[in-house]
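Contents: one structure, followed by commentary.
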2 protein chains.
Amino acid sequence: MDGVLADVYSQFIAYHERDFGERLVIRDLDGRPEFDAFPKGRVHVNSKGFFRTAPVILNSREVLQRLNRTYRIFVVSAAMEFPQSLSEKQEWLNEHFPFIGWQQVVFCGTKDIIDADVMIDDHLKNLDRFKGDTFLFSQPHNHGHAGTRHRRVSTWAEIEQILL
Amino acid sequence: MDGVLADVYSQFIAYHERDFGERLVIRDLDGRPEFDAFPKGRVHVNSKGFFRTAPVILNSREVLQRLNRTYRIFVVSAAMEFPQSLSEKQEWLNEHFPFIGWQQVVFCGTKDIIDADVMIDDHLKNLDRFKGDTFLFSQPHNHGHAGTRHRRVSTWAEIEQILL
C-alpha cells in the first residue's frame, strides 16, 4: 500500500517542509532508507492524518481497477506497527479504491505469512521472503538495491503492460 | 481470534439477554449459524465495545504463551467485515495477550491468503481452504459439522497436549 498505492514520499516531504522549512528533492534521497532520509519520519507516520491524507500514486487506481477484473487482488499493508494507521488506511482505501472490497484487504505485521502468486512491493525485505513472482516498485529508498531476483517497475503503466 | 481466543458466544448471550430479557442456553444453539442463533447478532458485532469487552476463552492465554515459545505464532482475524472492530481487537490483544507482538497479528477479510503450517479455527470455511494441518475448535455453530479432514479440539488443554 505505502509506496505502491499511497504516495508516502510526498507526505514525508510535506511534513518535513512544515517542520524544518526546507523542501527536500527526491533525487537527493535515492538509496537512503526512509527514516534516514526523513529524521522526523517516525514521528510523522505516528501522527494523526499522515496516512489518511496521503496522495494516490499516479495511475495506481486506474490500473488496479483494470487488474481487479482479471486477477484476484489483495491489498496487503504492513500496518500493525502503527496502531492508529489501521482506521486511516481503511478509510483511505474506501475513498480512493472503492472497488476493493473488505474481503480483499489485509493488515499485517510481516508479509511472509502471505500466500499469493504475484507481489508488487517497494521493500526488498517483503519481496525476498515471498515465494511467487516479485515486482520491486521503484521508490527512492530502494534505488540501486534491486537484487537479482525481482523485476523492477517504476510506473503503474509498466505493471499494466506486463500483467494485462 | 473470535471463537478461539475471544469468547464471542458469552458476548452474544449477554447482549441478547440485555435486548430480549431472555438468557439463551448454549446447548440450544448447537448446530445453528451464529446469526441464526442470535437474531440481533449483526447489530451487536457492529456496536461499540462488543469485541473490546469479550471474555478470554479458558486457558487460551496460558497455552498460547507456551506455544509462542516453540512455534512462530500468528493471530489471524477476519476483522475487515467490521471496520470499527480493528482498533478494539488490537487493544483487546494488547491487554490479554501482551506477549503477541504486532509482527504476529493479521487482520484480513478472508483467510485463504494465509500461508502457515497449522490453523486453529472455529469456522469450516476457513479450514477447508487451508493447505496445512487443521484444527476445528468446537463452538456451538460448528456442532455436528466437523467434516472429515479437520481434527476437532474442544479445549486449549487438548491443543497443548497435541502440539507440545
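By order of appearance in the C-alpha cells: chains A, B, ..., then residues from 1 within every chain, and ligands from 1 in the order shown.
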Find the residues in chain A near chain B: any atom within 6 Å counts, using only C-alpha atoms. Write them as a tab-separated table (two decimals) with C-alpha atoms, in the first residue's frame.
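Below is the file that was written, part23.tsv:
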```
chain	number	residue	atom	x	y	z
A	80	MET	CA	0.36	-3.20	12.55
A	102	TRP	CA	-13.15	-5.60	2.56
A	103	GLN	CA	-12.55	-9.23	1.58
A	105	VAL	CA	-7.73	-6.14	2.39
A	106	VAL	CA	-5.06	-7.49	4.74
A	107	PHE	CA	-3.31	-5.56	7.51
A	108	CYS	CA	-0.36	-7.45	8.92
A	109	GLY	CA	2.89	-7.03	10.79
A	110	THR	CA	5.04	-9.05	8.41
A	113	ILE	CA	2.58	-15.08	6.04
A	114	ILE	CA	1.03	-14.07	2.71
A	115	ASP	CA	0.36	-16.76	0.12
```
(message) Show me, as a list of chain:residue names, the residues that have an atom within 9 Å of His141 (chain B) when counting only C-alpha atoms, minus same-chain residues fewer than 5 positions from it.
(response) B:Leu29, B:Asp30, B:Gly31, B:Arg32, B:Pro33, B:Glu34, B:Ala37, B:Asp122, B:His123
Region 65-70 of chain B environment, 9 Å, only C-alpha atoms, sequence neighbours closer than 2 positions dropped, as a PDB file with N, CA and C atoms, in the first residue's frame:
```pdb
ATOM      1  N   SER B  60      -6.746 -20.149  26.983  1.00  0.00           N
ATOM      2  CA  SER B  60      -6.144 -19.791  25.702  1.00  0.00           C
ATOM      3  C   SER B  60      -4.891 -18.941  25.906  1.00  0.00           C
ATOM      4  N   ARG B  61      -4.936 -18.046  26.857  1.00  0.00           N
ATOM      5  CA  ARG B  61      -3.784 -17.182  27.109  1.00  0.00           C
ATOM      6  C   ARG B  61      -2.567 -18.001  27.550  1.00  0.00           C
ATOM      7  N   GLU B  62      -2.771 -18.881  28.525  1.00  0.00           N
ATOM      8  CA  GLU B  62      -1.658 -19.633  29.100  1.00  0.00           C
ATOM      9  C   GLU B  62      -1.050 -20.572  28.057  1.00  0.00           C
ATOM     10  N   VAL B  63      -1.910 -21.277  27.329  1.00  0.00           N
ATOM     11  CA  VAL B  63      -1.397 -22.244  26.350  1.00  0.00           C
ATOM     12  C   VAL B  63      -0.745 -21.521  25.175  1.00  0.00           C
ATOM     13  N   ARG B  72       6.222 -20.372  15.768  1.00  0.00           N
ATOM     14  CA  ARG B  72       6.041 -18.993  15.305  1.00  0.00           C
ATOM     15  C   ARG B  72       4.525 -18.778  15.183  1.00  0.00           C
ATOM     16  N   ILE B  73       3.980 -18.042  16.095  1.00  0.00           N
ATOM     17  CA  ILE B  73       2.522 -17.895  16.218  1.00  0.00           C
ATOM     18  C   ILE B  73       2.042 -16.627  15.507  1.00  0.00           C
ATOM     19  N   PHE B  97      -3.188 -10.546  25.599  1.00  0.00           N
ATOM     20  CA  PHE B  97      -2.102 -11.365  25.035  1.00  0.00           C
ATOM     21  C   PHE B  97      -0.889 -10.476  24.755  1.00  0.00           C
ATOM     22  N   PHE B  99       2.104 -10.820  25.102  1.00  0.00           N
ATOM     23  CA  PHE B  99       3.292 -11.498  24.554  1.00  0.00           C
ATOM     24  C   PHE B  99       3.202 -11.674  23.034  1.00  0.00           C
ATOM     25  N   ILE B 100       2.053 -11.370  22.448  1.00  0.00           N
ATOM     26  CA  ILE B 100       1.894 -11.401  20.988  1.00  0.00           C
ATOM     27  C   ILE B 100       2.268 -10.024  20.441  1.00  0.00           C
ATOM     28  N   GLU B 160      -2.777 -28.032  23.670  1.00  0.00           N
ATOM     29  CA  GLU B 160      -1.442 -28.106  24.265  1.00  0.00           C
ATOM     30  C   GLU B 160      -0.904 -29.538  24.217  1.00  0.00           C
ATOM     31  N   LEU B 163       0.116 -30.303  20.524  1.00  0.00           N
ATOM     32  CA  LEU B 163       1.182 -29.516  19.880  1.00  0.00           C
ATOM     33  C   LEU B 163       2.452 -29.376  20.717  1.00  0.00           C
ATOM     34  N   LEU B 164       2.344 -29.672  22.021  1.00  0.00           N
ATOM     35  CA  LEU B 164       3.557 -29.512  22.854  1.00  0.00           C
ATOM     36  C   LEU B 164       3.981 -30.847  23.469  1.00  0.00           C
TER      37      LEU B 164
END
```
(request) Among the residues of region 20-148 of chain B, find those DSSP assigns to strand (DSSP E or B) from the backbone and print them as a list in words. (result)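 Of region 20-148 of chain B, only Val56, Val75, Val76, Ser77, Val105, Val106, Phe107, Cys108, Ile114, Val118, Met119, Ile120, Asp121, Asp133, Thr134, Phe135, Leu136 and Phe137 of chain B fall in strand (DSSP E or B).
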Output C-alpha atoms of each residue in that selection to a file, as a PDB file, in the first residue's frame.
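Saved as out.pdb:
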```pdb
ATOM      1  CA  VAL B  56     -10.939 -14.624  27.051  1.00  0.00           C
ATOM      2  CA  VAL B  75      -3.141 -14.346  15.445  1.00  0.00           C
ATOM      3  CA  VAL B  76      -5.210 -14.023  12.278  1.00  0.00           C
ATOM      4  CA  SER B  77      -8.622 -12.427  12.465  1.00  0.00           C
ATOM      5  CA  VAL B 105      -1.068 -10.033  14.124  1.00  0.00           C
ATOM      6  CA  VAL B 106      -3.006 -10.206  10.854  1.00  0.00           C
ATOM      7  CA  PHE B 107      -6.410  -8.649  10.182  1.00  0.00           C
ATOM      8  CA  CYS B 108      -7.894  -9.819   6.924  1.00  0.00           C
ATOM      9  CA  ILE B 114      -2.688 -17.092   4.775  1.00  0.00           C
ATOM     10  CA  VAL B 118      -1.207 -25.212  11.256  1.00  0.00           C
ATOM     11  CA  MET B 119      -4.525 -23.404  11.569  1.00  0.00           C
ATOM     12  CA  ILE B 120      -6.799 -23.490  14.618  1.00  0.00           C
ATOM     13  CA  ASP B 121     -10.207 -22.065  13.745  1.00  0.00           C
ATOM     14  CA  ASP B 133      -2.913 -29.080   9.292  1.00  0.00           C
ATOM     15  CA  THR B 134      -6.293 -28.010  10.550  1.00  0.00           C
ATOM     16  CA  PHE B 135      -7.887 -27.990  13.992  1.00  0.00           C
ATOM     17  CA  LEU B 136     -11.582 -27.259  14.339  1.00  0.00           C
ATOM     18  CA  PHE B 137     -12.141 -25.505  17.644  1.00  0.00           C
TER      19      PHE B 137
END
```
(message) As an exercise, work out the distance from CA of Gly49 (chain B) to CA of Lys48 (chain A) in Å and give it to one decimal place.
(response)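 If I compute the distance from CA of Gly49 (chain B) to CA of Lys48 (chain A), I get 22.4 Å.
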(message) Env of Phe35 (chain A): 12 Å cut, atoms = only C-alpha atoms, seq-sep filter 4 positions within chain, self excluded. Answer as a list in words.
(response)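 Neighbouring residues, sequence-local ones excluded: Tyr9, Phe12, Ile13, His16, Leu29, Gly31, Pro39, Lys40, Gly41, Arg42, Val43, His44, Val45, Pro140 and His141 of chain A.
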(request) Return as a VMD selection string the full set of residues in chain B whose backbone-based DSSP assignment is helix (DSSP H, G or I). (result) chain B and resid 8 to 20 26 to 29 34 to 37 41 to 45 60 to 70 85 to 96 102 to 104 111 to 113 124 to 128 140 to 142 156 to 163
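With only C-alpha atoms as the atoms that count, the residue of A:Phe38, A:Phe130, A:Tyr15, A:Phe20 with the shortest distance to Ala54 (chain A) is A:Tyr15.
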